[in-house]
Structures are given as structure tokens and as C-alpha cells.
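The data block below is query.cif; it holds mmCIF, N, CA and C atoms.
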```cif
data_target
loop_
_atom_site.label_atom_id
_atom_site.label_comp_id
_atom_site.auth_asym_id
_atom_site.auth_seq_id
_atom_site.Cartn_x
_atom_site.Cartn_y
_atom_site.Cartn_z
N MET J 1 100.51 99.80 139.57
CA MET J 1 100.71 99.33 138.23
C MET J 1 102.02 99.91 137.69
N ARG J 2 102.83 99.08 137.12
CA ARG J 2 104.09 99.49 136.52
C ARG J 2 103.95 99.45 135.01
N ALA J 3 104.48 100.46 134.34
CA ALA J 3 104.43 100.48 132.88
C ALA J 3 105.68 101.14 132.34
N ASP J 4 106.20 100.58 131.26
CA ASP J 4 107.32 101.21 130.57
C ASP J 4 106.81 102.32 129.65
N ALA J 5 105.59 102.17 129.18
CA ALA J 5 105.01 103.15 128.26
C ALA J 5 103.52 103.25 128.50
N VAL J 6 103.01 104.46 128.36
CA VAL J 6 101.59 104.71 128.41
C VAL J 6 101.20 105.35 127.09
N VAL J 7 100.24 104.76 126.42
CA VAL J 7 99.76 105.28 125.14
C VAL J 7 98.35 105.81 125.38
N VAL J 8 98.15 107.07 125.07
CA VAL J 8 96.85 107.70 125.25
C VAL J 8 96.20 107.84 123.88
N GLY J 9 95.11 107.12 123.70
CA GLY J 9 94.38 107.14 122.44
C GLY J 9 94.53 105.82 121.71
N GLY J 10 93.41 105.13 121.55
CA GLY J 10 93.43 103.82 120.93
C GLY J 10 92.99 103.80 119.48
N GLY J 11 93.24 104.91 118.77
CA GLY J 11 93.02 104.90 117.33
C GLY J 11 94.14 104.11 116.67
N PRO J 12 94.20 104.12 115.35
CA PRO J 12 95.22 103.32 114.66
C PRO J 12 96.65 103.61 115.11
N ALA J 13 97.03 104.86 115.22
CA ALA J 13 98.41 105.18 115.61
C ALA J 13 98.71 104.70 117.03
N GLY J 14 97.81 104.98 117.96
CA GLY J 14 98.04 104.56 119.34
C GLY J 14 98.03 103.05 119.51
N ALA J 15 97.08 102.39 118.88
CA ALA J 15 96.99 100.93 119.00
C ALA J 15 98.20 100.24 118.39
N VAL J 16 98.67 100.73 117.25
CA VAL J 16 99.85 100.12 116.62
C VAL J 16 101.10 100.41 117.45
N ALA J 17 101.20 101.60 118.01
CA ALA J 17 102.35 101.90 118.89
C ALA J 17 102.34 100.94 120.08
N ALA J 18 101.19 100.76 120.71
CA ALA J 18 101.09 99.85 121.85
C ALA J 18 101.41 98.41 121.43
N LEU J 19 100.90 98.00 120.28
CA LEU J 19 101.15 96.65 119.77
C LEU J 19 102.64 96.41 119.58
N GLU J 20 103.31 97.32 118.90
CA GLU J 20 104.74 97.14 118.62
C GLU J 20 105.58 97.20 119.90
N LEU J 21 105.26 98.09 120.80
CA LEU J 21 105.99 98.16 122.07
C LEU J 21 105.81 96.87 122.87
N ALA J 22 104.59 96.38 122.95
CA ALA J 22 104.32 95.15 123.70
C ALA J 22 105.06 93.97 123.08
N ARG J 23 105.08 93.89 121.77
CA ARG J 23 105.79 92.79 121.11
C ARG J 23 107.28 92.84 121.36
N ARG J 24 107.79 94.01 121.67
CA ARG J 24 109.21 94.16 121.96
C ARG J 24 109.52 94.01 123.44
N GLY J 25 108.52 93.59 124.20
CA GLY J 25 108.73 93.28 125.61
C GLY J 25 108.43 94.39 126.59
N ALA J 26 107.94 95.51 126.13
CA ALA J 26 107.62 96.61 127.04
C ALA J 26 106.29 96.35 127.75
N GLU J 27 106.20 96.81 128.97
CA GLU J 27 104.93 96.81 129.69
C GLU J 27 104.19 98.07 129.25
N VAL J 28 103.07 97.87 128.58
CA VAL J 28 102.36 98.98 127.95
C VAL J 28 100.94 99.07 128.47
N VAL J 29 100.52 100.29 128.75
CA VAL J 29 99.12 100.56 129.08
C VAL J 29 98.57 101.44 127.97
N LEU J 30 97.47 101.00 127.39
CA LEU J 30 96.80 101.74 126.31
C LEU J 30 95.49 102.28 126.85
N PHE J 31 95.33 103.60 126.83
CA PHE J 31 94.10 104.23 127.29
C PHE J 31 93.28 104.69 126.08
N GLU J 32 92.01 104.28 126.08
CA GLU J 32 91.07 104.75 125.05
C GLU J 32 89.76 105.04 125.76
N ARG J 33 89.24 106.24 125.60
CA ARG J 33 88.04 106.62 126.35
C ARG J 33 86.77 105.95 125.83
N SER J 34 86.74 105.60 124.56
CA SER J 34 85.53 104.97 124.02
C SER J 34 85.63 103.46 124.17
N GLY J 35 84.53 102.81 123.92
CA GLY J 35 84.52 101.36 123.87
C GLY J 35 84.46 100.88 122.44
N TYR J 36 84.79 101.77 121.50
CA TYR J 36 84.74 101.50 120.07
C TYR J 36 83.33 101.19 119.58
N GLY J 37 82.34 101.53 120.38
CA GLY J 37 80.97 101.26 119.99
C GLY J 37 80.27 102.44 119.35
N GLY J 38 80.79 103.63 119.56
CA GLY J 38 80.14 104.81 119.02
C GLY J 38 80.46 105.02 117.56
N LEU J 39 79.76 105.97 116.98
CA LEU J 39 79.96 106.30 115.58
C LEU J 39 81.33 106.93 115.38
N ARG J 40 82.05 106.41 114.45
CA ARG J 40 83.32 107.00 114.00
C ARG J 40 83.20 107.13 112.49
N MET J 41 83.75 108.16 111.98
CA MET J 41 83.68 108.37 110.54
C MET J 41 84.32 107.19 109.82
N GLY J 42 83.83 106.90 108.64
CA GLY J 42 84.38 105.82 107.84
C GLY J 42 85.82 106.07 107.48
N GLU J 43 86.44 105.08 106.98
CA GLU J 43 87.86 105.18 106.66
C GLU J 43 88.12 104.54 105.31
N THR J 44 88.89 105.22 104.49
CA THR J 44 89.38 104.64 103.25
C THR J 44 90.88 104.53 103.39
N LEU J 45 91.36 103.32 103.27
CA LEU J 45 92.79 103.06 103.44
C LEU J 45 93.44 102.87 102.07
N PRO J 46 94.61 103.47 101.85
CA PRO J 46 95.29 103.32 100.57
C PRO J 46 95.94 101.95 100.47
N PRO J 47 96.32 101.55 99.26
CA PRO J 47 96.95 100.25 99.08
C PRO J 47 98.23 100.05 99.91
N ALA J 48 98.93 101.12 100.23
CA ALA J 48 100.16 100.99 101.01
C ALA J 48 99.92 100.38 102.39
N VAL J 49 98.67 100.34 102.85
CA VAL J 49 98.38 99.74 104.14
C VAL J 49 98.49 98.22 104.09
N ASN J 50 98.34 97.62 102.91
CA ASN J 50 98.34 96.16 102.81
C ASN J 50 99.61 95.51 103.36
N PRO J 51 100.81 95.93 102.95
CA PRO J 51 102.00 95.31 103.54
C PRO J 51 102.16 95.64 105.02
N LEU J 52 101.68 96.80 105.44
CA LEU J 52 101.77 97.15 106.86
C LEU J 52 100.90 96.23 107.71
N LEU J 53 99.68 95.96 107.26
CA LEU J 53 98.80 95.07 108.02
C LEU J 53 99.36 93.65 108.05
N ARG J 54 99.98 93.23 106.97
CA ARG J 54 100.62 91.90 106.97
C ARG J 54 101.78 91.87 107.97
N ALA J 55 102.62 92.91 107.95
CA ALA J 55 103.76 92.97 108.86
C ALA J 55 103.32 93.01 110.32
N LEU J 56 102.18 93.63 110.59
CA LEU J 56 101.66 93.68 111.96
C LEU J 56 101.03 92.36 112.38
N GLY J 57 100.81 91.47 111.42
CA GLY J 57 100.21 90.17 111.73
C GLY J 57 98.70 90.22 111.90
N VAL J 58 98.06 91.25 111.35
CA VAL J 58 96.61 91.39 111.50
C VAL J 58 95.88 91.27 110.16
N TRP J 59 96.59 90.90 109.11
CA TRP J 59 96.00 90.85 107.77
C TRP J 59 94.76 89.96 107.71
N ASP J 60 94.86 88.74 108.19
CA ASP J 60 93.74 87.81 108.08
C ASP J 60 92.51 88.31 108.83
N ARG J 61 92.71 88.83 110.03
CA ARG J 61 91.55 89.33 110.77
C ARG J 61 91.00 90.61 110.15
N PHE J 62 91.87 91.41 109.52
CA PHE J 62 91.40 92.60 108.81
C PHE J 62 90.49 92.19 107.66
N VAL J 63 90.95 91.28 106.83
CA VAL J 63 90.15 90.83 105.68
C VAL J 63 88.84 90.20 106.16
N ALA J 64 88.91 89.45 107.27
CA ALA J 64 87.70 88.82 107.82
C ALA J 64 86.72 89.84 108.39
N SER J 65 87.19 91.06 108.67
CA SER J 65 86.31 92.09 109.25
C SER J 65 85.36 92.69 108.23
N GLY J 66 85.55 92.35 106.95
CA GLY J 66 84.60 92.77 105.93
C GLY J 66 84.87 94.08 105.23
N PRO J 67 86.12 94.51 105.05
CA PRO J 67 86.33 95.75 104.31
C PRO J 67 85.93 95.58 102.85
N VAL J 68 85.61 96.69 102.22
CA VAL J 68 85.20 96.69 100.82
C VAL J 68 86.37 97.24 99.99
N PRO J 69 86.75 96.56 98.90
CA PRO J 69 87.85 97.06 98.08
C PRO J 69 87.59 98.48 97.56
N SER J 70 88.65 99.26 97.50
CA SER J 70 88.59 100.63 96.96
C SER J 70 89.64 100.73 95.86
N TYR J 71 89.21 101.13 94.68
CA TYR J 71 90.11 101.22 93.55
C TYR J 71 90.50 102.64 93.20
N GLN J 72 89.89 103.60 93.89
CA GLN J 72 90.18 105.01 93.64
C GLN J 72 89.58 105.84 94.76
N THR J 73 90.18 106.98 95.03
CA THR J 73 89.59 107.93 95.96
C THR J 73 89.41 109.27 95.25
N ALA J 74 88.47 110.04 95.72
CA ALA J 74 88.25 111.40 95.24
C ALA J 74 87.92 112.24 96.46
N SER J 75 88.58 113.38 96.60
CA SER J 75 88.33 114.22 97.77
C SER J 75 88.51 115.68 97.41
N ALA J 76 87.84 116.53 98.16
CA ALA J 76 87.98 117.98 98.03
C ALA J 76 88.25 118.54 99.42
N TRP J 77 89.36 119.21 99.56
CA TRP J 77 89.75 119.78 100.85
C TRP J 77 89.94 121.28 100.71
N GLY J 78 89.07 122.04 101.31
CA GLY J 78 89.22 123.48 101.35
C GLY J 78 88.92 124.22 100.07
N GLY J 79 88.34 123.56 99.11
CA GLY J 79 88.02 124.23 97.85
C GLY J 79 87.20 123.33 96.96
N PRO J 80 86.77 123.84 95.81
CA PRO J 80 85.89 123.06 94.94
C PRO J 80 86.63 122.01 94.09
N GLU J 81 87.95 122.09 93.99
CA GLU J 81 88.68 121.15 93.15
C GLU J 81 88.69 119.77 93.79
N VAL J 82 88.40 118.78 92.97
CA VAL J 82 88.40 117.39 93.43
C VAL J 82 89.71 116.73 93.01
N ALA J 83 90.39 116.16 93.97
CA ALA J 83 91.62 115.42 93.70
C ALA J 83 91.28 113.94 93.65
N GLU J 84 91.66 113.30 92.57
CA GLU J 84 91.39 111.88 92.41
C GLU J 84 92.69 111.11 92.42
N ARG J 85 92.66 109.94 93.05
CA ARG J 85 93.83 109.07 93.08
C ARG J 85 93.39 107.66 92.74
N SER J 86 93.91 107.16 91.64
CA SER J 86 93.58 105.81 91.20
C SER J 86 94.59 104.83 91.80
N PHE J 87 94.10 103.66 92.18
CA PHE J 87 94.97 102.62 92.73
C PHE J 87 95.24 101.50 91.72
N VAL J 88 94.80 101.69 90.49
CA VAL J 88 94.89 100.65 89.47
C VAL J 88 96.34 100.17 89.28
N PHE J 89 97.30 101.07 89.34
CA PHE J 89 98.68 100.68 89.08
C PHE J 89 99.51 100.55 90.36
N SER J 90 98.87 100.48 91.50
CA SER J 90 99.60 100.34 92.76
C SER J 90 100.26 98.97 92.85
N PRO J 91 101.50 98.91 93.27
CA PRO J 91 102.15 97.61 93.45
C PRO J 91 101.57 96.81 94.61
N HIS J 92 100.76 97.47 95.45
CA HIS J 92 100.17 96.81 96.62
C HIS J 92 98.72 96.40 96.41
N GLY J 93 98.22 96.53 95.18
CA GLY J 93 96.83 96.17 94.91
C GLY J 93 95.91 97.33 95.19
N HIS J 94 94.71 97.02 95.60
CA HIS J 94 93.71 98.06 95.85
C HIS J 94 93.73 98.48 97.32
N GLY J 95 93.02 99.58 97.60
CA GLY J 95 92.84 100.04 98.96
C GLY J 95 91.56 99.45 99.52
N TRP J 96 91.07 100.05 100.61
CA TRP J 96 89.90 99.51 101.31
C TRP J 96 89.02 100.61 101.88
N HIS J 97 87.72 100.37 101.87
CA HIS J 97 86.76 101.13 102.67
C HIS J 97 86.47 100.23 103.87
N THR J 98 86.65 100.77 105.05
CA THR J 98 86.46 99.94 106.24
C THR J 98 85.65 100.69 107.29
N ASP J 99 85.01 99.94 108.13
CA ASP J 99 84.29 100.50 109.26
C ASP J 99 85.34 100.95 110.28
N ARG J 100 85.40 102.25 110.54
CA ARG J 100 86.48 102.80 111.36
C ARG J 100 86.46 102.26 112.78
N ALA J 101 85.31 102.16 113.40
CA ALA J 101 85.26 101.63 114.77
C ALA J 101 85.74 100.18 114.80
N ARG J 102 85.32 99.39 113.83
CA ARG J 102 85.74 97.98 113.77
C ARG J 102 87.25 97.88 113.54
N PHE J 103 87.78 98.73 112.67
CA PHE J 103 89.22 98.74 112.38
C PHE J 103 90.02 99.13 113.63
N ASP J 104 89.57 100.18 114.31
CA ASP J 104 90.26 100.60 115.54
C ASP J 104 90.23 99.50 116.59
N ARG J 105 89.08 98.86 116.77
CA ARG J 105 88.94 97.78 117.74
C ARG J 105 89.86 96.62 117.39
N LEU J 106 89.93 96.28 116.11
CA LEU J 106 90.79 95.19 115.65
C LEU J 106 92.24 95.45 116.05
N LEU J 107 92.73 96.66 115.83
CA LEU J 107 94.11 96.97 116.19
C LEU J 107 94.31 97.00 117.70
N ALA J 108 93.35 97.53 118.43
CA ALA J 108 93.46 97.55 119.89
C ALA J 108 93.42 96.13 120.46
N ASP J 109 92.60 95.27 119.90
CA ASP J 109 92.57 93.87 120.34
C ASP J 109 93.90 93.18 120.09
N ALA J 110 94.51 93.45 118.95
CA ALA J 110 95.83 92.88 118.66
C ALA J 110 96.87 93.36 119.67
N ALA J 111 96.78 94.63 120.05
CA ALA J 111 97.69 95.17 121.06
C ALA J 111 97.48 94.48 122.39
N ALA J 112 96.22 94.29 122.77
CA ALA J 112 95.91 93.61 124.04
C ALA J 112 96.42 92.17 124.02
N GLU J 113 96.23 91.50 122.91
CA GLU J 113 96.71 90.12 122.80
C GLU J 113 98.23 90.03 122.89
N ALA J 114 98.91 91.10 122.49
CA ALA J 114 100.37 91.14 122.58
C ALA J 114 100.85 91.49 123.98
N GLY J 115 99.91 91.87 124.85
CA GLY J 115 100.26 92.17 126.24
C GLY J 115 100.04 93.59 126.68
N ALA J 116 99.58 94.45 125.79
CA ALA J 116 99.30 95.84 126.20
C ALA J 116 98.04 95.88 127.02
#
```

Representation of the structure as C-alpha cells:
Amino acid sequence: MRADAVVVGGGPAGAVAALELARRGAEVVLFERSGYGGLRMGETLPPAVNPLLRALGVWDRFVASGPVPSYQTASAWGGPEVAERSFVFSPHGHGWHTDRARFDRLLADAAAEAGA
């Protein structure tokens, strides 16, 4: 097997890297140990992901995958203080709550369809 690039890990970063390389004509092999069937923690995506998903050409399939709109996030990391971020005034609209395994699979499928 000949490959110009090998991507190890089929999460969002790896799948998008493989997708973009394949679209640019590279022979790409994407390795992911799971079959995307196991439990993966949920994902909340910020509004800035909307133009990225459109640019990747996966917007329609993403919306069809059933994400739930997210208008704000709240999180606490390493302490009791809660940081809140509202998306009400985002130029990209709202964010999304999505099934992480489904989202990862969607991106990996797009990479495969592009030739990875």
C-alpha cells in the first residue's frame, strides 16, 4: 500500500485532516481503532463551527444527523467557578449539542468518500 500521508486517529481533527488531504489529491490512510459504535462523551460545538462545516461540504449531512441547537454553554474546569458563554450575539448563529460518535463517523465517512 502506498500513501502520501497516514493519519492516526479518526476523531474530528484526524478525519478533517484526512478529508482535506484527500481532496487535494493525496493518497491518505486514516486509522481509527474504534468502529464509532462505542460510547463517546457528548459534544457541544460553538457557533464558529457552522462556517467550517459548510466549507468542508458536510453541513447538510450534519444537520440531518439530528444535532440539537445550543444557545449557551456553562462549564467549570478545575474549580467551583462556572464560566458561561452565550451565543445569542454570535454572527454564526447558535452552536450545537451533538452525538460525538455520530459526528466523528460523519467526518470519517466524508474523508472516505473523498478517497482517504

One decimal, in Å: what's the spacing between atom C of Gln72 (chain J) and atom N of Gly37 (chain J)?
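Going from atom C of Gln72 (chain J) over to atom N of Gly37 (chain J) covers 27.0 Å.
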
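Put simply, the PyMOL selection byres ((chain J and resi 6) around 6.5) on this file hits J:Ala3, J:Asp4, J:Ala5, J:Val7, J:Val8, J:Val28, J:Val29, J:Leu30, J:Phe31.
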
Backbone-only DSSP, strand (DSSP E) members of chain J, as number ranges by chain
J: 5-8, 28-31, 43-45, 68-70, 72-75, 83-86, 95-98

As an exercise, work out the distance from CA of Leu19 (chain J) to atom C of Ala110 (chain J) in Å and give it to one decimal place.
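So the two atoms, CA of Leu19 (chain J) and atom C of Ala110 (chain J), lie 5.4 Å apart.
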
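Closest approach to Ala22 (chain J) among J:Glu113, J:Glu81, J:Glu43, J:Asp104 is made by J:Glu113 (distances from all atoms listed in the file).
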
Suppose a student applies the PyMOL selection byres ((chain J and resi 15) around 8) to this structure; what residues should they get, written as a count of residues only?
23

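Counting from CA of Gly95 (chain J), the distance to CA of Ser75 (chain J) is 14.9 Å.
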
Could you tell me, as a JSON list (two decimals) with N, CA and C atoms, keeping the file's coordinate frame, exactly which residues end up selected when the PyMOL selection byres (((chain J and resi 47 and name CA) around 12) and name CA) is applied to this structure?
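Listed below is the output, selection.json:
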```json
[["chain", "number", "residue", "atom", "x", "y", "z"],
["J", 44, "THR", "N", 88.89, 105.22, 104.49],
["J", 44, "THR", "CA", 89.38, 104.64, 103.25],
["J", 44, "THR", "C", 90.88, 104.53, 103.39],
["J", 45, "LEU", "N", 91.36, 103.32, 103.27],
["J", 45, "LEU", "CA", 92.79, 103.06, 103.44],
["J", 45, "LEU", "C", 93.44, 102.87, 102.07],
["J", 46, "PRO", "N", 94.61, 103.47, 101.85],
["J", 46, "PRO", "CA", 95.29, 103.32, 100.57],
["J", 46, "PRO", "C", 95.94, 101.95, 100.47],
["J", 48, "ALA", "N", 98.93, 101.12, 100.23],
["J", 48, "ALA", "CA", 100.16, 100.99, 101.01],
["J", 48, "ALA", "C", 99.92, 100.38, 102.39],
["J", 49, "VAL", "N", 98.67, 100.34, 102.85],
["J", 49, "VAL", "CA", 98.38, 99.74, 104.14],
["J", 49, "VAL", "C", 98.49, 98.22, 104.09],
["J", 50, "ASN", "N", 98.34, 97.62, 102.91],
["J", 50, "ASN", "CA", 98.34, 96.16, 102.81],
["J", 50, "ASN", "C", 99.61, 95.51, 103.36],
["J", 51, "PRO", "N", 100.81, 95.93, 102.95],
["J", 51, "PRO", "CA", 102.00, 95.31, 103.54],
["J", 51, "PRO", "C", 102.16, 95.64, 105.02],
["J", 52, "LEU", "N", 101.68, 96.80, 105.44],
["J", 52, "LEU", "CA", 101.77, 97.15, 106.86],
["J", 52, "LEU", "C", 100.90, 96.23, 107.71],
["J", 53, "LEU", "N", 99.68, 95.96, 107.26],
["J", 53, "LEU", "CA", 98.80, 95.07, 108.02],
["J", 53, "LEU", "C", 99.36, 93.65, 108.05],
["J", 69, "PRO", "N", 86.75, 96.56, 98.90],
["J", 69, "PRO", "CA", 87.85, 97.06, 98.08],
["J", 69, "PRO", "C", 87.59, 98.48, 97.56],
["J", 70, "SER", "N", 88.65, 99.26, 97.50],
["J", 70, "SER", "CA", 88.59, 100.63, 96.96],
["J", 70, "SER", "C", 89.64, 100.73, 95.86],
["J", 71, "TYR", "N", 89.21, 101.13, 94.68],
["J", 71, "TYR", "CA", 90.11, 101.22, 93.55],
["J", 71, "TYR", "C", 90.50, 102.64, 93.20],
["J", 72, "GLN", "N", 89.89, 103.60, 93.89],
["J", 72, "GLN", "CA", 90.18, 105.01, 93.64],
["J", 72, "GLN", "C", 89.58, 105.84, 94.76],
["J", 73, "THR", "N", 90.18, 106.98, 95.03],
["J", 73, "THR", "CA", 89.59, 107.93, 95.96],
["J", 73, "THR", "C", 89.41, 109.27, 95.25],
["J", 85, "ARG", "N", 92.66, 109.94, 93.05],
["J", 85, "ARG", "CA", 93.83, 109.07, 93.08],
["J", 85, "ARG", "C", 93.39, 107.66, 92.74],
["J", 86, "SER", "N", 93.91, 107.16, 91.64],
["J", 86, "SER", "CA", 93.58, 105.81, 91.20],
["J", 86, "SER", "C", 94.59, 104.83, 91.80],
["J", 87, "PHE", "N", 94.10, 103.66, 92.18],
["J", 87, "PHE", "CA", 94.97, 102.62, 92.73],
["J", 87, "PHE", "C", 95.24, 101.50, 91.72],
["J", 88, "VAL", "N", 94.80, 101.69, 90.49],
["J", 88, "VAL", "CA", 94.89, 100.65, 89.47],
["J", 88, "VAL", "C", 96.34, 100.17, 89.28],
["J", 89, "PHE", "N", 97.30, 101.07, 89.34],
["J", 89, "PHE", "CA", 98.68, 100.68, 89.08],
["J", 89, "PHE", "C", 99.51, 100.55, 90.36],
["J", 90, "SER", "N", 98.87, 100.48, 91.50],
["J", 90, "SER", "CA", 99.60, 100.34, 92.76],
["J", 90, "SER", "C", 100.26, 98.97, 92.85],
["J", 91, "PRO", "N", 101.50, 98.91, 93.27],
["J", 91, "PRO", "CA", 102.15, 97.61, 93.45],
["J", 91, "PRO", "C", 101.57, 96.81, 94.61],
["J", 92, "HIS", "N", 100.76, 97.47, 95.45],
["J", 92, "HIS", "CA", 100.17, 96.81, 96.62],
["J", 92, "HIS", "C", 98.72, 96.40, 96.41],
["J", 93, "GLY", "N", 98.22, 96.53, 95.18],
["J", 93, "GLY", "CA", 96.83, 96.17, 94.91],
["J", 93, "GLY", "C", 95.91, 97.33, 95.19],
["J", 94, "HIS", "N", 94.71, 97.02, 95.60],
["J", 94, "HIS", "CA", 93.71, 98.06, 95.85],
["J", 94, "HIS", "C", 93.73, 98.48, 97.32],
["J", 95, "GLY", "N", 93.02, 99.58, 97.60],
["J", 95, "GLY", "CA", 92.84, 100.04, 98.96],
["J", 95, "GLY", "C", 91.56, 99.45, 99.52],
["J", 96, "TRP", "N", 91.07, 100.05, 100.61],
["J", 96, "TRP", "CA", 89.90, 99.51, 101.31],
["J", 96, "TRP", "C", 89.02, 100.61, 101.88],
["J", 97, "HIS", "N", 87.72, 100.37, 101.87],
["J", 97, "HIS", "CA", 86.76, 101.13, 102.67],
["J", 97, "HIS", "C", 86.47, 100.23, 103.87]]
```

As a PyMOL selection string, which residues of chain J does DSSP assign to alpha helix (DSSP H)?
chain J and resi 12-23+49-56+59-64+100-113

Pick out the residues sitting within 7 Å of Pro67 (chain J), and hand them over as a PyMOL selection string; count only N, CA and C atoms, and ignore anything fewer than 3 positions along from it in its own chain.
chain J and resi 62-64+96-99

So, counting all atoms listed in the file, which residue among J:Arg61, J:Arg40, J:Arg23, J:Arg54 is closest to Ala101 (chain J)?
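The shortest atom-to-atom distance to Ala101 (chain J) comes from J:Arg40.
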